[in-house]
Each structure stands twice: as C-alpha cells, then as structure tokens.
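Contents: one structure, followed by commentary.
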Amino acid sequence: MAKSDLQGSLDLLILKTLSRMGDLHGYGIVLHIQRASEDLLSVEEGSLYPALHRMEQSGWVTSKWALTETKRKAKFYKLTPAGRKQLKEAEESFEQLVKGVRAMLRYA
Amino acid sequence: MSLANRIANLFRRGKVDNEIDAELRSHIAMRTEDNLAAGMSPQRARREALLRFGNPAVMHERTAEADAALYLQGLWADMRYALRQLLRSPGFAITAVLALSLGVGAATAIFSVIDVVLFRPLPFANQDRLVFPFMKSRTGSSLPVSVLNYYEERAQLQTFTAMAGWSTLDRVNLERPEGSISLRAAKTTDNFFTVFGVAPILGRTFLPGEDQPGKDNVAVLSYEVWQAYFNGSARVVGQTVKLDGNPYTIVGVMPAGFRFPLYMREAIYTPLHAPESWARARGMHWMRTVGRMKDGVTLQQAQADLDRVMANLAKTYPQQEEGHTGTLIPLAAELNGFASDGKMKGPMQTLSLAVLALLGIACVNVAGLLLARGVKREREIALRAAVGASRRRLIRQMINESLVLALAGLAGGVLMSWLLLKAMNVFLVEAIARGADVSLNLKVLAVALIIATLTSVLASLAPAIRLSGTDPNRALRGGSGAGSGTSLGKSQHRLRSTFVITQVALSLVLLMVSGLLLRNLQALFKTGLGFNQNKIIAVVLDLSRGNYKDPSGKNEKDPLLTFYHPLLERVAHLPGVVASGVIDLLPIAEWGSGYDIHIAGQPPYPKNAAMSSETRNVSAGYFDAMGIKLTRGRLLSPSLDRPENIASNMVVNEAFRRKFFSNGSDPVGAHIDDAGKAEGKSGIVGVVSDIRQDLQSPPMPEMDWLIDALPPKDRMDTLRNMFLMVRTDGDPKALIPSLRGVIHDIDPGVPFRSQTMDEAVNEQLTFERMESWLFGIFAAFAVLLAAIGLYGLISHEVELRTREIGIRMALGSTRASVMTQVLRRVALLVLSGTAVGWILTLASSKLLASIVEIHTAHDLGLLARISAGMALVGILIGIAPAREAASIEPMQALRSE
C-alpha cells in the first residue's frame, strides 16, 4: 500500500514536471524536482527510469533521442494527452489524500 | 498496444538493453559534469553521481522489467540455469523427479478414470434429455416393468418423445459355420433407437411395430459385432443370420461407440421377443425402461407426469401395482454409477482423496529436498543478493527452477500413469461400464501438466521464500559449512521435520485404509459361501430356441428330454466328476429373481414388510453338486415331483425357514398361497443349507423347484439359459475338454463357456479388488516417499552436525550414544507422524466410510500392526545415517572445518 503510494507520488512528480517544462530528459526531471521542491524531495535518481519506462509503456509519455545543450545524447520525454489526463487524476487523488490526512491531524 | 510493445521488446532484448544502458550512462555523465562544474575532483564527481543514482545494475534490471515482459526471458535463462544445476546434483534430481512422477502419475491415472466416468459425454444425442426411471416396489426394492404396464405407460406419458423398454436378460447364439458364438443381446421395443437419437452407419434401425410378433425377426448389429463377425462388410444389410436357431434379417449397423447399456460390448439388438407367459402377465416385471424427455420439459415436469401415470396404474390394477413408485434419474448419472445409490461415487471420491494425499506427500517431499539443497546453495544465493538481485527476483528464479522439475515430473508422471492404467486395464474393463474407454487423452495430459506445475511450484514456494531471505553478510562471512549453526539452518530443519511428520502421517492413513480394504477383501474371499468354490466349475448352457422345434417349425422339442437328461446322465459318468446338476441363475453372480409370497395359514403380513423369496429351477443333482446339505424333510426327486402333480413341490433353504417360520414351526408340509384351492397350493417338502446368492449379502430366502416337474409347454422358456454345475475332486479346469465334448455331442449349437466358481467369485469382486489394489499401490508409493524424506532429513542433519558430533566424541561421547541420539531423533519424528496419522484416519473415518468402515476397537489389532510396521521401517531407515554419525572420526571432523 505504502509502496504503491510512493510510486504513485513519483509518477505524479514526473508528470507534473513534464507538464510544466515540456520535453525533458531524466536528469533534467530530477533537477527540476529538486529545485521546485526546494531540495525537500530527493529521489534515488536511478529509480526514475523504471517509472519513466513504465509510463511510456502505459502511453502517458513518449520519448525520443536528442542532443542536450551540452551536445550530449539523451532521451527526452514528452507528455501525451493520456498522460495529461492521468496527471489530472493523480493530482486530484493526491489532494484528497492530503486533505484527508490534514483533517485527521487536526481532529487528533 | 503496450502488451504488443512488451512482447516485441522480448525479441529485441539486445537493443532494449543497449538503449537503457545509454540512457542511464548519459544521466550519470550529466550529473558528473555538473559535479565537476561545481568544483569536485573528477573522482569524487563520479562517485557522488553513482551514489545519487543507486546501483546501476539494479536500476537497469528494473527499467528493463518495466519495458518488457522480460519475465519470460528471465524464465528461459533461469530454466537453463536450473537444468545445469540439476544435472550437477543427480541424486537430488532423481529423487525429486521420482517423487513428482509417483504423485503426478497416480493423480493422472485416477483422473483419466474420472474423466471417463464423469466428464466424457455419452455416445448419445441429447444426453441431458435422457432419463432412467428407477422403479421401486412396495418394499423399496428395485422393480423392473412388465410388458403390459410398459405399453400403458407409453400410451399415457405426455412429456416424453419416446420411452423405450429393453432387457438384457438373454444372450443369443449367433450361428456361424465355424461354430456358434454367444452374444449379448439387448432386446428392445421398436422406439429404442429413437430415444438415443443416433443414426446407424448402415441400413436402418427398427421401424414402428417391429417389436410385434411376426415382424420382429430383425436385428441391428453393434459396430464391434459387425467388425468381429461380419468383417465390416457393407453387404451385411439384408443378410439373414441364425440367432438362437431362428432366421433374422440384419437391417442396420450402429456406429462405433454406440453402446447401450454401456457395459455391453459385442452386443446385438433385436426386438423384445418376450416369452408368451411374460408378455401376458402384468405381475411379471422384467423389462427396464429408458426415456427421452421432450424439449423444454424439466425433470420435475417429467417426474410429475410419471407419478400421474403410476397413480393411474395403481388405481386400475391395485392388486399388482399399488405402492409402486418411479423416480427419474438423469441417465448419465445412472450409467456412470454416480446416481444417489451408485457404486462409483464413494470409491471415486475416496480414491481422489488418496491421490491428493499422495500428491501432498510428493509435494512435501520435494519441498524438503529443495530445502536441503537450499542450505547448500546459501552462499550462491547470498552472492546474488549481494550483487543486487532483489528478493522477488530470487524467489522467481527458484520457482522457475521448479518448473524444470515440473516438466521432468510431468514426463515421469505420464509414463507412470500409462503403466498404472495398463496394469489396471483388466479391472477397469470389468468394473466400470466404460472402463475400456479410459485413455490418456489431451484433456488428461493437460490436467497432468497443471498438477505437475502446481505441485512443483507449491513445493518450491516455502524453500524459495526462506532462502531468498538469506542475509548475504552472514552467509558470505560464514565458513564453508554453510547453514550450520545459522538460525536459517535451524528453522529450516524444524520445517523439514514438519514435512517428514506430514509424510509419515499421510502414508500411515493410506496404509491403514489399504490394510482395512485388503482385509475386507480377504474376508469376502473367505466368506462362508456355503460351497467350496475351488472344486466347482459352472458351464453356461444357452440353448438356441430354433434348434428345439420339429422340422415343421410348429412343435417344440422338449429340451428336458432331448438335452438336459442325456447331458446330466453323461456328465455324471465323466471321470473326475463327483456330482453335477443344473440351475437357472449362477450362485454368487446372479440374483433378484423372486416374488412376494405368503405361507398358507399364517396371518396376513404387514403391507410394507419385504416378504419375498428368491426362486430357482434346479435339477435333482444340483444340491449335491454344490455340496448343499438337507436339514429337514426330503430333497426333490423326479420320481415324486412330477409334472402331472396337481400341486408343485419345492425345497426351501434355512434362510427361508428363519424368515417365514421364525416361530420355530416346521416348514416341511407347509404350503404357500399361490393357488386359490387348497389342493393346488405348492408345498414345501424339505429344507436345505444356505449358499450365498449374492457374495456381499447374507443368504436370502430361496425356493427351489425341480425342472423335471415343469409342464412341458413351459420348459423351453425356463430352460433356455441354465448353468451346469459340476463338482470334482481335482482341478475343475481339467474337466473342460470332456464337458465341451459331451455338450457338443448332444447339441453342437450350444456355445461353450465355462467359469470356475473361484473365477466367478473373483469377477464379483473386481471393483473391490481394483480398489484395494490401487490403495495398496498408493500406500506403497507413499511409504517409499516418506522413507526417502526421512532418510534425506536425517542424513542431512548428520552431515551438518559432523563438527558438533566430532566435538562430542572428542569430549568422550561413545559411538553408541551418538547412534542412540540420532535414532532417538528418528523415533521422535516417526512417532509424531504416526500419532498425527491416527488422528487423521479417525477424523476422516466418515469420509472413508463409503469404501471402508473403521471400527476402532475391532480393527485395533490390524491398525496397530500397520503402525508398528511403519514405525519399524522408519527406524530401519534411520540406522544408516545413525551409523554414519557414529563412524565420524573426531579429529578429521574438527580438522575439516
């Protein structure tokens, strides 16, 4: 349960990043998550890739090889309409979770 | 889309791998660059990047998993690896595969029988529409239908497309130039084939009205008879053959597989040809019926219809029909012996349970073996875990390895079941209606595959979970004697002990059941039959009616005067014959011919009391031939009991006396109320000792009538199918040639078939023999597996404790005490297993009751002996490892570590 939630939130972070930043490679996504979360959220960087590949298989993102600003070959990911829909759902369910937990904390 | 992608990825693993590698590498490179830019040293930059990234190998593996159902790819690699591993430890491989083969083989064999009995569709169209009316008399006994009632039922029933009557009481002689052949005859009404909706492959079946005298000399051949005696010739239709000496026209041939009743192989179908006296008597119940319900009619509606008709009959003919009931049973259930009172149901369930027990033992056995092997593989697994294999991946690897075992077990199991079925074949064909159809077909093989896979996966689950939890640190640091002293080693031994106890317990249950079955069987063989089965031979005498007519075809030759008298006269003088006689039903094998009687002068019997008696026609010599003793009065005699007597005379048996003269009065001189006037009532002239009519029930009341006293007009009907019983002082089979000679001398048209009474008893017990035979085999398998399991565990324990035993001995333990210690452990395991086995047996005695009753007090001796035997086997098995332990050289044991 907890595990799938964590995985869910990693998916959410990736989807959100891609929706904000457009095409990005894995490293870029990591950097964005760190920056945007003010270094509060740091993931084991490698674990991003199983998630990305799974999302690609699910049709939420597409990928293509391209060159970075530093002329390095990297795989860039891009959100699909299905991914956008998934992001919306994930955001909503996350809001619900946060709301619920907050309510619990207040009550206790 | 995604699935297609993943599967596609399977075939380009190399490309996918490279891509993932490139992607991960580029990530680490970018991080390293940033680190450099932040001012780190090149070395530190790279190390920091890797640290943040996590284990690249693991990440790669997990990413690849997300990409493809790489599971399958892994499966293949795992299996190849497993195969190499198995080949490297042949002892383990052989034992595990043997265990699986025994379990899977037994299960497959039993399933193939269940397949035929339960699942195979009947060889009829619309089999779910077919019903069998099970008729019962006032007293609850099974009751066939009389011809007269049948025609009324047929006219009144509204919910049936067809209701057909049939009888298999007779055999018929098919006359051929090479000699007569006795075939099973299904004599049926004209609408018989309409019920089953199966078209003939040649010609036609019966036309409406062809069951009426004058039109009824037609026959339909079964496929087997057509092949065997007519060479499968297409010209057979229209041909005239002689059946029982009378000409019949063959009108059709049924397709292969069509059989009714199902046990009838080599059958020929003819119209009823009811003996005239039977056709006229409403009280003469001798026909069975089978019906096909109209489409859309439910079983309940058809039942209500039948109830209505039965009530009508009872109203019209209260004397004969009142109180008779009929219950419709779906034909499939009835034929396969799975109806409520079916013979197959209980035993099949119990056999399935036995097979499950055996499978359980095999499963636990393999699990134990895997656990033991696991201890030796701890280091290998630890190494894998250390380089990044996840726990799930490890479990999966081990389960994949078990699939290799499953495949090997499947192959062995199929071979084993083939052998089992081969060995069971004789039993199957005789004991089960469709036993000859049992085969290893695709469905059975699929089930075998499932069984083998499930068993292996289940067996590997516990060891896999346990082993995958290996702590790499400890396992790798520990000495070469991996497993020794670790907590894993200890807890896995506890688990294996449980396994061994389970095996011992389950084998004991199987042993006990098979022991009880065997004893019951022996008891049945030794039943006081009332005669000596080893000295008596029975010859079937089927006369061809057509051969007992004068040349004009009008008047019958008297079979008594022209056949039986000369036969008995000549047989009596054959060398080796002590006594001989004839009877119309073969003792032990056939019974059920009888009717309700009332002794003249006794008060009326309660309406629902079963006051019936069996009835037999015998020759005067019959009693001596069977060794039956006269206890009161006189025996029957041709000179006293003559056809012209106004009243007939009979001899009754002791069971008859006990039932009808329970007040102690003398039956001799009493009469039964079978005629209106006193002088016409049949009288009892003597009482004789009992013999069993049915092997499995106590002797039934019986009345015996002398064949010489039959009125000449009834003789052909009564004497057409008789049994010549001959008692000898030597080997009964030695008489066969001379008996055959005498019979063919008198009537060459009589097919010769004989059976010793010993064989007849055996034949009656086919099912019971099969049952105990199977249980015996299963129990033997089980004990073998339990022994392997026990031996494996103990010798493994000794091996692991070599060092400890060495220290003990160095400190002064004697060899004897080391041995005792090991044996004590064995004893503890075996005794626990025995105790659990007893509990299981007693707890399941209700389940087992359908095949064997367990009376704890009565069977205590036998069960105790079996348990002691099992325990003894256990201890004997423990001796080898115990001696090994005792022969450990302390110095060597300590140095080797």
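Naming works like this for the structure tokens: A, B, ... for the chains as they're shown, residue 1 at the start of each chain, ligands 1 onward in shown order.
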
Which chain A residues are at most 8 Å from chain B (counting only C-alpha atoms), as a PyMOL selection string?
chain A and resi 26-27+44-47+49-51+53-54+57-59+72-75

Please, which residues of range 126-186 of chain B, numbered as in this document, come out strand (DSSP E) from DSSP, as number ranges by chain?
B: 130-136, 160-167, 171-175, 181-186

Can you pull out the residues contacting Leu331 in chain B? Cut-off 9 Å, using only C-alpha atoms, and skip same-chain residues under 5 positions away; I want them as a ChimeraX atom specification.
/B:127-133,290-291,336,339

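Interatomic distance, CA of Leu521 in chain B to CA of Leu421 in chain B: 21.5 Å.
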
List every residue of range 100-166 of chain B that DSSP, applied to the backbone of this structure, places in alpha helix (DSSP H), and write the result as a VMD selection string.
chain B and resid 100 to 114 147 to 156

Could those residues be written to a file, using C-alpha atoms, as a JSON list (two decimals), in the first residue's frame?
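again_24.json written:
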```
[["chain", "number", "residue", "atom", "x", "y", "z"],
["B", 100, "LEU", "CA", 6.87, -35.93, -8.56],
["B", 101, "SER", "CA", 6.40, -38.75, -11.05],
["B", 102, "LEU", "CA", 4.79, -41.00, -8.45],
["B", 103, "GLY", "CA", 2.41, -38.29, -7.32],
["B", 104, "VAL", "CA", 1.59, -36.96, -10.75],
["B", 105, "GLY", "CA", 1.35, -40.45, -12.23],
["B", 106, "ALA", "CA", -1.16, -41.64, -9.66],
["B", 107, "ALA", "CA", -3.20, -38.47, -9.96],
["B", 108, "THR", "CA", -3.21, -38.61, -13.74],
["B", 109, "ALA", "CA", -4.27, -42.24, -13.82],
["B", 110, "ILE", "CA", -7.15, -41.61, -11.46],
["B", 111, "PHE", "CA", -8.14, -38.50, -13.31],
["B", 112, "SER", "CA", -8.29, -40.37, -16.60],
["B", 113, "VAL", "CA", -10.74, -42.77, -14.96],
["B", 114, "ILE", "CA", -12.77, -39.90, -13.53],
["B", 147, "VAL", "CA", -44.66, -55.52, -20.78],
["B", 148, "LEU", "CA", -48.35, -54.78, -20.19],
["B", 149, "ASN", "CA", -47.59, -51.90, -17.87],
["B", 150, "TYR", "CA", -44.97, -50.61, -20.24],
["B", 151, "TYR", "CA", -47.46, -50.25, -23.08],
["B", 152, "GLU", "CA", -49.88, -48.42, -20.81],
["B", 153, "GLU", "CA", -47.17, -46.10, -19.55],
["B", 154, "ARG", "CA", -46.08, -45.42, -23.10],
["B", 155, "ALA", "CA", -49.63, -44.53, -24.09],
["B", 156, "GLN", "CA", -50.28, -42.28, -21.10]]
```

Contacts of Leu790 in chain B at 10 Å or less, counting only C-alpha atoms, minus same-chain residues fewer than 6 places along, as a ChimeraX atom specification?
/B:365,368,496-497,499-501,503-504,784,796,826,829-830,874-875,877-878

Residue selection dump (N, CA and C atoms) as an mmCIF file, in the first residue's frame:
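After the write, part_32.cif holds the following:
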```cif
data_model
loop_
_atom_site.group_PDB
_atom_site.id
_atom_site.type_symbol
_atom_site.label_atom_id
_atom_site.label_comp_id
_atom_site.auth_asym_id
_atom_site.auth_seq_id
_atom_site.Cartn_x
_atom_site.Cartn_y
_atom_site.Cartn_z
ATOM 1 N N ASN B 365 7.627 -33.764 0.029
ATOM 2 C CA ASN B 365 8.897 -34.439 -0.153
ATOM 3 C C ASN B 365 9.859 -33.591 -0.973
ATOM 4 N N GLY B 368 10.990 -30.635 0.926
ATOM 5 C CA GLY B 368 12.055 -30.994 1.853
ATOM 6 C C GLY B 368 13.396 -31.091 1.150
ATOM 7 N N ARG B 496 11.485 -28.858 7.902
ATOM 8 C CA ARG B 496 11.628 -30.174 7.271
ATOM 9 C C ARG B 496 11.103 -31.285 8.177
ATOM 10 N N SER B 497 11.289 -31.114 9.487
ATOM 11 C CA SER B 497 10.739 -32.117 10.405
ATOM 12 C C SER B 497 9.230 -32.177 10.237
ATOM 13 N N PHE B 499 7.606 -31.471 7.625
ATOM 14 C CA PHE B 499 7.354 -32.141 6.351
ATOM 15 C C PHE B 499 7.411 -33.655 6.516
ATOM 16 N N VAL B 500 8.459 -34.113 7.205
ATOM 17 C CA VAL B 500 8.613 -35.562 7.363
ATOM 18 C C VAL B 500 7.442 -36.133 8.161
ATOM 19 N N ILE B 501 7.048 -35.417 9.210
ATOM 20 C CA ILE B 501 5.921 -35.893 10.005
ATOM 21 C C ILE B 501 4.660 -35.960 9.148
ATOM 22 N N GLN B 503 4.492 -36.419 5.965
ATOM 23 C CA GLN B 503 4.577 -37.563 5.046
ATOM 24 C C GLN B 503 4.290 -38.869 5.758
ATOM 25 N N VAL B 504 4.897 -39.021 6.922
ATOM 26 C CA VAL B 504 4.666 -40.268 7.674
ATOM 27 C C VAL B 504 3.177 -40.395 7.994
ATOM 28 N N LEU B 784 7.250 -45.251 0.365
ATOM 29 C CA LEU B 784 8.537 -45.054 -0.297
ATOM 30 C C LEU B 784 8.966 -43.587 -0.197
ATOM 31 N N HIS B 796 21.029 -35.564 6.232
ATOM 32 C CA HIS B 796 21.448 -34.177 6.082
ATOM 33 C C HIS B 796 21.782 -33.567 7.434
ATOM 34 N N VAL B 826 15.046 -39.903 15.080
ATOM 35 C CA VAL B 826 14.232 -40.613 14.103
ATOM 36 C C VAL B 826 12.927 -41.083 14.747
ATOM 37 N N LEU B 829 10.415 -38.353 15.268
ATOM 38 C CA LEU B 829 9.743 -37.955 14.028
ATOM 39 C C LEU B 829 8.689 -38.979 13.628
ATOM 40 N N VAL B 830 9.111 -40.256 13.646
ATOM 41 C CA VAL B 830 8.210 -41.303 13.177
ATOM 42 C C VAL B 830 6.996 -41.417 14.099
ATOM 43 N N GLY B 874 10.640 -46.793 9.609
ATOM 44 C CA GLY B 874 11.286 -45.523 9.918
ATOM 45 C C GLY B 874 12.598 -45.729 10.647
ATOM 46 N N ILE B 875 12.552 -46.560 11.683
ATOM 47 C CA ILE B 875 13.746 -46.779 12.486
ATOM 48 C C ILE B 875 14.838 -47.436 11.635
ATOM 49 N N ILE B 877 15.308 -47.152 8.538
ATOM 50 C CA ILE B 877 15.868 -46.144 7.649
ATOM 51 C C ILE B 877 16.847 -45.256 8.396
ATOM 52 N N GLY B 878 16.542 -45.022 9.683
ATOM 53 C CA GLY B 878 17.412 -44.166 10.478
ATOM 54 C C GLY B 878 18.754 -44.810 10.778
#
```

Excluding Glu89 in chain A and any residue of its chain fewer than 4 positions from it, enumerate the residues within 12 Å of it, using only C-alpha atoms, and give them as a PDB file with C-alpha atoms, in the first residue's frame.
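What follows is the written file part_26.pdb:
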```
ATOM      1  CA  GLY A   8       2.200   6.981  -7.287  1.00  0.00           C
ATOM      2  CA  SER A   9       3.706  10.162  -5.979  1.00  0.00           C
ATOM      3  CA  ASP A  11       4.645   9.304 -11.082  1.00  0.00           C
ATOM      4  CA  LEU A  12       2.845  12.462 -10.059  1.00  0.00           C
ATOM      5  CA  LEU A  15       4.031  14.047 -14.836  1.00  0.00           C
ATOM      6  CA  LYS A  16       3.830  17.453 -13.192  1.00  0.00           C
ATOM      7  CA  ALA A  82      -3.381  10.436 -21.921  1.00  0.00           C
ATOM      8  CA  GLY A  83      -0.567  11.482 -19.608  1.00  0.00           C
ATOM      9  CA  ARG A  84      -2.198  14.855 -19.084  1.00  0.00           C
ATOM     10  CA  LYS A  85      -5.434  13.149 -18.106  1.00  0.00           C
ATOM     11  CA  SER A  93      -6.413  11.908  -5.685  1.00  0.00           C
ATOM     12  CA  PHE A  94      -3.314  13.366  -4.081  1.00  0.00           C
ATOM     13  CA  GLU A  95      -5.305  16.424  -2.971  1.00  0.00           C
ATOM     14  CA  GLN A  96      -7.864  14.084  -1.466  1.00  0.00           C
TER      15      GLN A  96
END
```

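A straight line drawn from CA of Lys526 in chain B to CA of Leu765 in chain B is 12.2 Å long.
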
List the neighbours of range 201-218 of chain B out to 8 Å using only C-alpha atoms; skip same-chain residues closer than 2 positions along the sequence, and give me the result as a list in words.
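Listed by chain and then number, they are Thr188, Thr189, Asp190, Asn191, Phe192, Phe193, Ala199, Val220, Ala234, Val237, Pro247, Tyr248, Thr249, Ile250, Val251, Gly252, Val253, Met254, Pro255, Thr270, Pro271, Leu272 and His273 of chain B.
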
Can those selected residues be exported to a file as a PDB file, in the first residue's frame so that it contains N, CA, C and O atoms?
```pdb
ATOM      1  N   THR B 188     -35.259 -55.030 -27.329  1.00  0.00           N
ATOM      2  CA  THR B 188     -35.807 -53.700 -27.115  1.00  0.00           C
ATOM      3  C   THR B 188     -37.175 -53.526 -27.772  1.00  0.00           C
ATOM      4  O   THR B 188     -37.569 -54.310 -28.626  1.00  0.00           O
ATOM      5  N   THR B 189     -37.853 -52.455 -27.379  1.00  0.00           N
ATOM      6  CA  THR B 189     -39.078 -52.084 -28.073  1.00  0.00           C
ATOM      7  C   THR B 189     -38.707 -51.349 -29.359  1.00  0.00           C
ATOM      8  O   THR B 189     -37.546 -50.965 -29.557  1.00  0.00           O
ATOM      9  N   ASP B 190     -39.701 -51.117 -30.205  1.00  0.00           N
ATOM     10  CA  ASP B 190     -39.407 -50.560 -31.527  1.00  0.00           C
ATOM     11  C   ASP B 190     -38.816 -49.151 -31.481  1.00  0.00           C
ATOM     12  O   ASP B 190     -38.101 -48.749 -32.388  1.00  0.00           O
ATOM     13  N   ASN B 191     -39.096 -48.404 -30.399  1.00  0.00           N
ATOM     14  CA  ASN B 191     -38.657 -46.997 -30.361  1.00  0.00           C
ATOM     15  C   ASN B 191     -37.326 -46.809 -29.631  1.00  0.00           C
ATOM     16  O   ASN B 191     -36.951 -45.693 -29.304  1.00  0.00           O
ATOM     17  N   PHE B 192     -36.626 -47.902 -29.374  1.00  0.00           N
ATOM     18  CA  PHE B 192     -35.378 -47.868 -28.610  1.00  0.00           C
ATOM     19  C   PHE B 192     -34.377 -46.870 -29.184  1.00  0.00           C
ATOM     20  O   PHE B 192     -33.827 -46.026 -28.474  1.00  0.00           O
ATOM     21  N   PHE B 193     -34.141 -46.938 -30.487  1.00  0.00           N
ATOM     22  CA  PHE B 193     -33.108 -46.078 -31.079  1.00  0.00           C
ATOM     23  C   PHE B 193     -33.569 -44.624 -31.183  1.00  0.00           C
ATOM     24  O   PHE B 193     -32.750 -43.719 -31.240  1.00  0.00           O
ATOM     25  N   ALA B 199     -27.939 -42.246 -35.401  1.00  0.00           N
ATOM     26  CA  ALA B 199     -28.282 -42.881 -36.673  1.00  0.00           C
ATOM     27  C   ALA B 199     -27.349 -44.059 -36.937  1.00  0.00           C
ATOM     28  O   ALA B 199     -26.191 -44.033 -36.541  1.00  0.00           O
ATOM     29  N   VAL B 220     -30.221 -55.424 -35.334  1.00  0.00           N
ATOM     30  CA  VAL B 220     -29.279 -54.340 -35.600  1.00  0.00           C
ATOM     31  C   VAL B 220     -27.973 -54.741 -34.930  1.00  0.00           C
ATOM     32  O   VAL B 220     -27.969 -55.178 -33.782  1.00  0.00           O
ATOM     33  N   ALA B 234     -20.056 -54.168 -46.027  1.00  0.00           N
ATOM     34  CA  ALA B 234     -21.180 -53.269 -46.256  1.00  0.00           C
ATOM     35  C   ALA B 234     -22.400 -54.035 -46.766  1.00  0.00           C
ATOM     36  O   ALA B 234     -23.508 -53.523 -46.752  1.00  0.00           O
ATOM     37  N   VAL B 237     -26.252 -55.695 -44.633  1.00  0.00           N
ATOM     38  CA  VAL B 237     -27.655 -55.311 -44.503  1.00  0.00           C
ATOM     39  C   VAL B 237     -28.509 -56.128 -45.472  1.00  0.00           C
ATOM     40  O   VAL B 237     -28.184 -56.226 -46.653  1.00  0.00           O
ATOM     41  N   PRO B 247     -34.162 -67.617 -38.092  1.00  0.00           N
ATOM     42  CA  PRO B 247     -33.635 -66.664 -39.066  1.00  0.00           C
ATOM     43  C   PRO B 247     -34.016 -65.218 -38.701  1.00  0.00           C
ATOM     44  O   PRO B 247     -35.162 -64.935 -38.362  1.00  0.00           O
ATOM     45  N   TYR B 248     -33.033 -64.335 -38.747  1.00  0.00           N
ATOM     46  CA  TYR B 248     -33.228 -62.903 -38.513  1.00  0.00           C
ATOM     47  C   TYR B 248     -32.631 -62.162 -39.692  1.00  0.00           C
ATOM     48  O   TYR B 248     -31.590 -62.563 -40.216  1.00  0.00           O
ATOM     49  N   THR B 249     -33.243 -61.054 -40.073  1.00  0.00           N
ATOM     50  CA  THR B 249     -32.676 -60.221 -41.121  1.00  0.00           C
ATOM     51  C   THR B 249     -31.927 -59.063 -40.477  1.00  0.00           C
ATOM     52  O   THR B 249     -32.469 -58.362 -39.616  1.00  0.00           O
ATOM     53  N   ILE B 250     -30.695 -58.895 -40.889  1.00  0.00           N
ATOM     54  CA  ILE B 250     -29.926 -57.759 -40.369  1.00  0.00           C
ATOM     55  C   ILE B 250     -30.396 -56.510 -41.104  1.00  0.00           C
ATOM     56  O   ILE B 250     -30.354 -56.468 -42.341  1.00  0.00           O
ATOM     57  N   VAL B 251     -30.880 -55.518 -40.354  1.00  0.00           N
ATOM     58  CA  VAL B 251     -31.390 -54.319 -41.008  1.00  0.00           C
ATOM     59  C   VAL B 251     -30.451 -53.130 -40.882  1.00  0.00           C
ATOM     60  O   VAL B 251     -30.565 -52.167 -41.634  1.00  0.00           O
ATOM     61  N   GLY B 252     -29.511 -53.159 -39.924  1.00  0.00           N
ATOM     62  CA  GLY B 252     -28.651 -51.996 -39.772  1.00  0.00           C
ATOM     63  C   GLY B 252     -27.432 -52.279 -38.918  1.00  0.00           C
ATOM     64  O   GLY B 252     -27.347 -53.315 -38.261  1.00  0.00           O
ATOM     65  N   VAL B 253     -26.479 -51.322 -38.957  1.00  0.00           N
ATOM     66  CA  VAL B 253     -25.270 -51.401 -38.141  1.00  0.00           C
ATOM     67  C   VAL B 253     -25.100 -50.068 -37.435  1.00  0.00           C
ATOM     68  O   VAL B 253     -25.203 -49.013 -38.060  1.00  0.00           O
ATOM     69  N   MET B 254     -24.866 -50.111 -36.122  1.00  0.00           N
ATOM     70  CA  MET B 254     -24.692 -48.869 -35.364  1.00  0.00           C
ATOM     71  C   MET B 254     -23.243 -48.408 -35.439  1.00  0.00           C
ATOM     72  O   MET B 254     -22.340 -49.216 -35.639  1.00  0.00           O
ATOM     73  N   PRO B 255     -22.995 -47.090 -35.273  1.00  0.00           N
ATOM     74  CA  PRO B 255     -21.611 -46.591 -35.339  1.00  0.00           C
ATOM     75  C   PRO B 255     -20.784 -47.061 -34.140  1.00  0.00           C
ATOM     76  O   PRO B 255     -21.340 -47.426 -33.105  1.00  0.00           O
ATOM     77  N   THR B 270     -32.085 -56.756 -30.881  1.00  0.00           N
ATOM     78  CA  THR B 270     -33.243 -57.342 -31.559  1.00  0.00           C
ATOM     79  C   THR B 270     -34.496 -56.837 -30.848  1.00  0.00           C
ATOM     80  O   THR B 270     -34.415 -56.354 -29.725  1.00  0.00           O
ATOM     81  N   PRO B 271     -35.653 -56.932 -31.506  1.00  0.00           N
ATOM     82  CA  PRO B 271     -36.897 -56.602 -30.809  1.00  0.00           C
ATOM     83  C   PRO B 271     -37.108 -57.539 -29.617  1.00  0.00           C
ATOM     84  O   PRO B 271     -36.412 -58.555 -29.479  1.00  0.00           O
ATOM     85  N   LEU B 272     -38.094 -57.197 -28.799  1.00  0.00           N
ATOM     86  CA  LEU B 272     -38.262 -57.833 -27.490  1.00  0.00           C
ATOM     87  C   LEU B 272     -38.316 -59.354 -27.478  1.00  0.00           C
ATOM     88  O   LEU B 272     -37.653 -59.996 -26.679  1.00  0.00           O
ATOM     89  N   HIS B 273     -39.138 -59.933 -28.325  1.00  0.00           N
ATOM     90  CA  HIS B 273     -39.337 -61.383 -28.309  1.00  0.00           C
ATOM     91  C   HIS B 273     -39.633 -61.875 -26.899  1.00  0.00           C
ATOM     92  O   HIS B 273     -38.950 -62.761 -26.387  1.00  0.00           O
TER      93      HIS B 273
END
```

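Here CA of Ile536 in chain B and CA of Phe563 in chain B stand 21.5 Å from one another.
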
Identify which of the residues B:His573, B:Arg396, B:Gly515, B:Gly232 lies closest to Arg865 in chain B, counting only C-alpha atoms when measuring atom-to-atom distances.
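The shortest atom-to-atom distance to Arg865 in chain B comes from B:Gly515.
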